[in-house]
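Please read the structure below before turning to the comments.
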Amino acid sequence: MNFKTYQEAIENSNIVSKTDINGIITFVNSEFCKISGYTKEELIGSNHNIVRHPDVDESTFKELWDTILSKKVFRTTAKNLAKDGSVLYVNKTIGPMLDDKNDIPEFIAIRYDVTDPIKLTQALKAKEEELTLLNSTLEERVRVQTMELRDLNKNLEQRVKEQVKKITEQERLLSQQARLASMGEMIGNIAHQWRQPLSELGIHLYKLKKFFEQKNRSLFNETYEDCKQVIKKMSHTIDDFRNFFSINKPKEDFIVNEVIEEAFNMLKATLRNEQINLRVTAEEKIQVRGYKGELVQVLINLITNAKDAFKERVGKDNFIDIHIARFDGETLLITIRDNAGGIKEDIIEKIFEPYFTTKQASLGTGLGLYMSKMIVENSMHGSIKAFNAGGGACFEVKVPIKL
Ligand SMILES: Nc1ncnc2c1ncn2[C@@H]1O[C@H](COP(=O)(O)OP(=O)(O)O)[C@@H](O)[C@H]1O
Ligand SMILES: [Mg+2]
């Protein structure tokens, strides 16, 4: 493009308009028409404020007029309104054109379009604000989340506490039931123990009557003493059993072999009655420190289970073998083995669960092995396991010796 004059060059590269002293448009170039959306005809003769944007402050126009009327140049970035209502930004320079007499016949305004960069800046600013907002709400959201988490945590602690309490309570109930159950079994054992002395007493009573009639004072007295012995034995049996059920006994040192012998003595009559041969063997005498009564309870549970297992089986040479040995330097191993047919493989995993029983309701509570496991694990810090061997069940109890 060739420019003939300097003015032409300016007019072709900028947005140019001229107004008279009152602001009435006298000239617009085609760039002005293009950007404002008005035709030349519409613009010429109109007031320049045709492209004024309502957002722009009155004071800006006052400043503009004050400046140019005092024959100075005014520069600004202006917000304008196109015919179609769209917003455009222009950098504009307005100046008076002076004539020979130094009067102002007209003003010229030269602008260039800065809509894109300004809109971009505005968009950037908006994004920035959005980000700042997001940032501040983020903090708030994190705070709320943290609080929620904290609450949850608190609740969780509370819930765990409640659950633990519930479980402890359940365990307490279970052990109470198990206690009652084994007491029931014990009463059965006492009944067996008493069978013989009771019949003895019957015979003695008969004799007493006879010696009384015969007026045989010495034999009467002798029989009377025998009676007292039998009664003493009977009351001793009760003491034996009761001892093992009294709770809150302190830890004590005891010889395992002797305790097993005591348990054996309590069950002897029952076992004899059921024709079961209980044998106790030991490699050595082992002393442990702990709760004697609890160990006896475990043994009674295991022996009673074996005894019950024989009920299901008709066989000769029924035996329960208890073997005491040192598993290693620090562990005592008690093995209780029977030949009553063993535990069915499909239930062997379940026998230590509370209430698991294969017996009739009147015979089994399913608590014996559960309680035994509790005692061995929690109270004695040992372990108990079951497996089948040699035509019967085998239980292994391992307990630290703690010399
Ligand atoms: N020596 C054993 N031989 C065969 N089965 C056994 C033996 N000991 C335990 N069991 C099985 O384990 C189950 C659970 O025993 P336990 O917890 O003592 O409850 P309960 O004796 O009241 O049934 C028994 O019902 C029985 O089926
Ligand atoms: Mg049992």
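Residue numbering restarts at 1 for every chain of the structure tokens, chains are lettered A, B, ... in their displayed order, and ligands are numbered from 1 as they appear.
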Strand (DSSP E or B) per DSSP on the backbone: members of segment 147-268 of chain A, as number ranges by chain: A: 252-255
Distance query Phe61 of chain A at most 12 Å, only C-alpha atoms, self and fewer than 6 positions along chain excluded, as a VMD selection string: chain A and resid 23 48 to 49 52 to 55 67 to 69 74 to 76 78 94
Shortest interatomic distance to ligand 2 - which of A:Leu98, A:Ala309, A:Ile15, A:Ile24, counting only C-alpha atoms and all ligand atoms: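 Selected residue with least distance to ligand 2: A:Ala309.
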Neighbour list for Gln275 of chain A as a VMD selection string, cut-off 9 Å, only C-alpha atoms, skip fewer than 5 positions in-chain: chain A and resid 270 316 to 319
Those of segment 97-181 of chain A in DSSP alpha helix (DSSP H), formatted as an MDAnalysis selection string: chainID A and resid 115:181
Cut-off 8 Å: closest chain A/ligand 2 atom pairs per residue, using only C-alpha atoms and all ligand atoms, as a tab-separated table:
```
residue	atom	partner	partner_atom_place_in_ligand_line	distance
A:Asn301	CA	ligand 2	1 (Mg)	5.5
A:Leu302	CA	ligand 2	1 (Mg)	6.9
A:Thr304	CA	ligand 2	1 (Mg)	6.3
A:Asn305	CA	ligand 2	1 (Mg)	4.8
A:Thr357	CA	ligand 2	1 (Mg)	7.9
A:Gly364	CA	ligand 2	1 (Mg)	6.2
A:Thr365	CA	ligand 2	1 (Mg)	7.1
A:Gly366	CA	ligand 2	1 (Mg)	6.2
A:Leu367	CA	ligand 2	1 (Mg)	6.6
A:Gly368	CA	ligand 2	1 (Mg)	4.2
A:Leu369	CA	ligand 2	1 (Mg)	6.1
```
Would you write out those residues with N, CA and C atoms, as an mmCIF file, in the first residue's frame?
```cif
data_model
loop_
_atom_site.group_PDB
_atom_site.id
_atom_site.type_symbol
_atom_site.label_atom_id
_atom_site.label_comp_id
_atom_site.auth_asym_id
_atom_site.auth_seq_id
_atom_site.Cartn_x
_atom_site.Cartn_y
_atom_site.Cartn_z
ATOM 1 N N ASN A 301 -11.765 -80.971 81.557
ATOM 2 C CA ASN A 301 -12.504 -80.801 80.293
ATOM 3 C C ASN A 301 -12.050 -81.824 79.262
ATOM 4 N N LEU A 302 -10.728 -81.982 79.124
ATOM 5 C CA LEU A 302 -10.196 -82.866 78.083
ATOM 6 C C LEU A 302 -10.514 -84.335 78.400
ATOM 7 N N THR A 304 -12.969 -85.417 80.309
ATOM 8 C CA THR A 304 -14.417 -85.631 80.188
ATOM 9 C C THR A 304 -14.821 -85.800 78.727
ATOM 10 N N ASN A 305 -14.215 -84.996 77.829
ATOM 11 C CA ASN A 305 -14.513 -85.131 76.397
ATOM 12 C C ASN A 305 -14.158 -86.528 75.892
ATOM 13 N N THR A 357 -20.832 -78.039 69.565
ATOM 14 C CA THR A 357 -20.911 -79.360 70.174
ATOM 15 C C THR A 357 -21.567 -80.332 69.209
ATOM 16 N N GLY A 364 -23.973 -81.784 76.109
ATOM 17 C CA GLY A 364 -22.869 -80.883 75.747
ATOM 18 C C GLY A 364 -23.307 -79.433 75.683
ATOM 19 N N THR A 365 -22.407 -78.554 76.092
ATOM 20 C CA THR A 365 -22.670 -77.109 75.979
ATOM 21 C C THR A 365 -21.816 -76.501 74.871
ATOM 22 N N GLY A 366 -20.782 -77.214 74.478
ATOM 23 C CA GLY A 366 -19.868 -76.675 73.472
ATOM 24 C C GLY A 366 -18.953 -75.607 74.039
ATOM 25 N N LEU A 367 -18.849 -75.548 75.354
ATOM 26 C CA LEU A 367 -18.014 -74.502 75.961
ATOM 27 C C LEU A 367 -16.698 -75.025 76.527
ATOM 28 N N GLY A 368 -16.622 -76.339 76.719
ATOM 29 C CA GLY A 368 -15.447 -76.924 77.370
ATOM 30 C C GLY A 368 -14.142 -76.577 76.677
ATOM 31 N N LEU A 369 -14.074 -76.855 75.377
ATOM 32 C CA LEU A 369 -12.817 -76.604 74.662
ATOM 33 C C LEU A 369 -12.566 -75.113 74.485
#
```
Within 8 Å of ligand 1, counting only C-alpha atoms and all ligand atoms, residues as a PyMOL selection string: chain A and resi 301-310+337-338+340-344+347-348+350-359+363-371+392-395
Residue nearest Val73 of chain A among A:Ala282, A:Val87, A:Leu43, A:Ala109 (counting only C-alpha atoms):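 Of A:Ala282, A:Val87, A:Leu43, A:Ala109, the one nearest Val73 of chain A, counting only C-alpha atoms, is A:Ala109.
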Pairwise distance for atom CA of Ile286 of chain A and atom CA of Arg242 of chain A, rounded to one decimal in Å: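 Those two atoms sit 24.8 Å apart.
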Neighbour list for Ile190 of chain A as a VMD selection string, cut-off 12 Å, only C-alpha atoms, skip fewer than 6 positions in-chain: chain A and resid 183 to 184 196 to 198 233 to 242 265 to 270
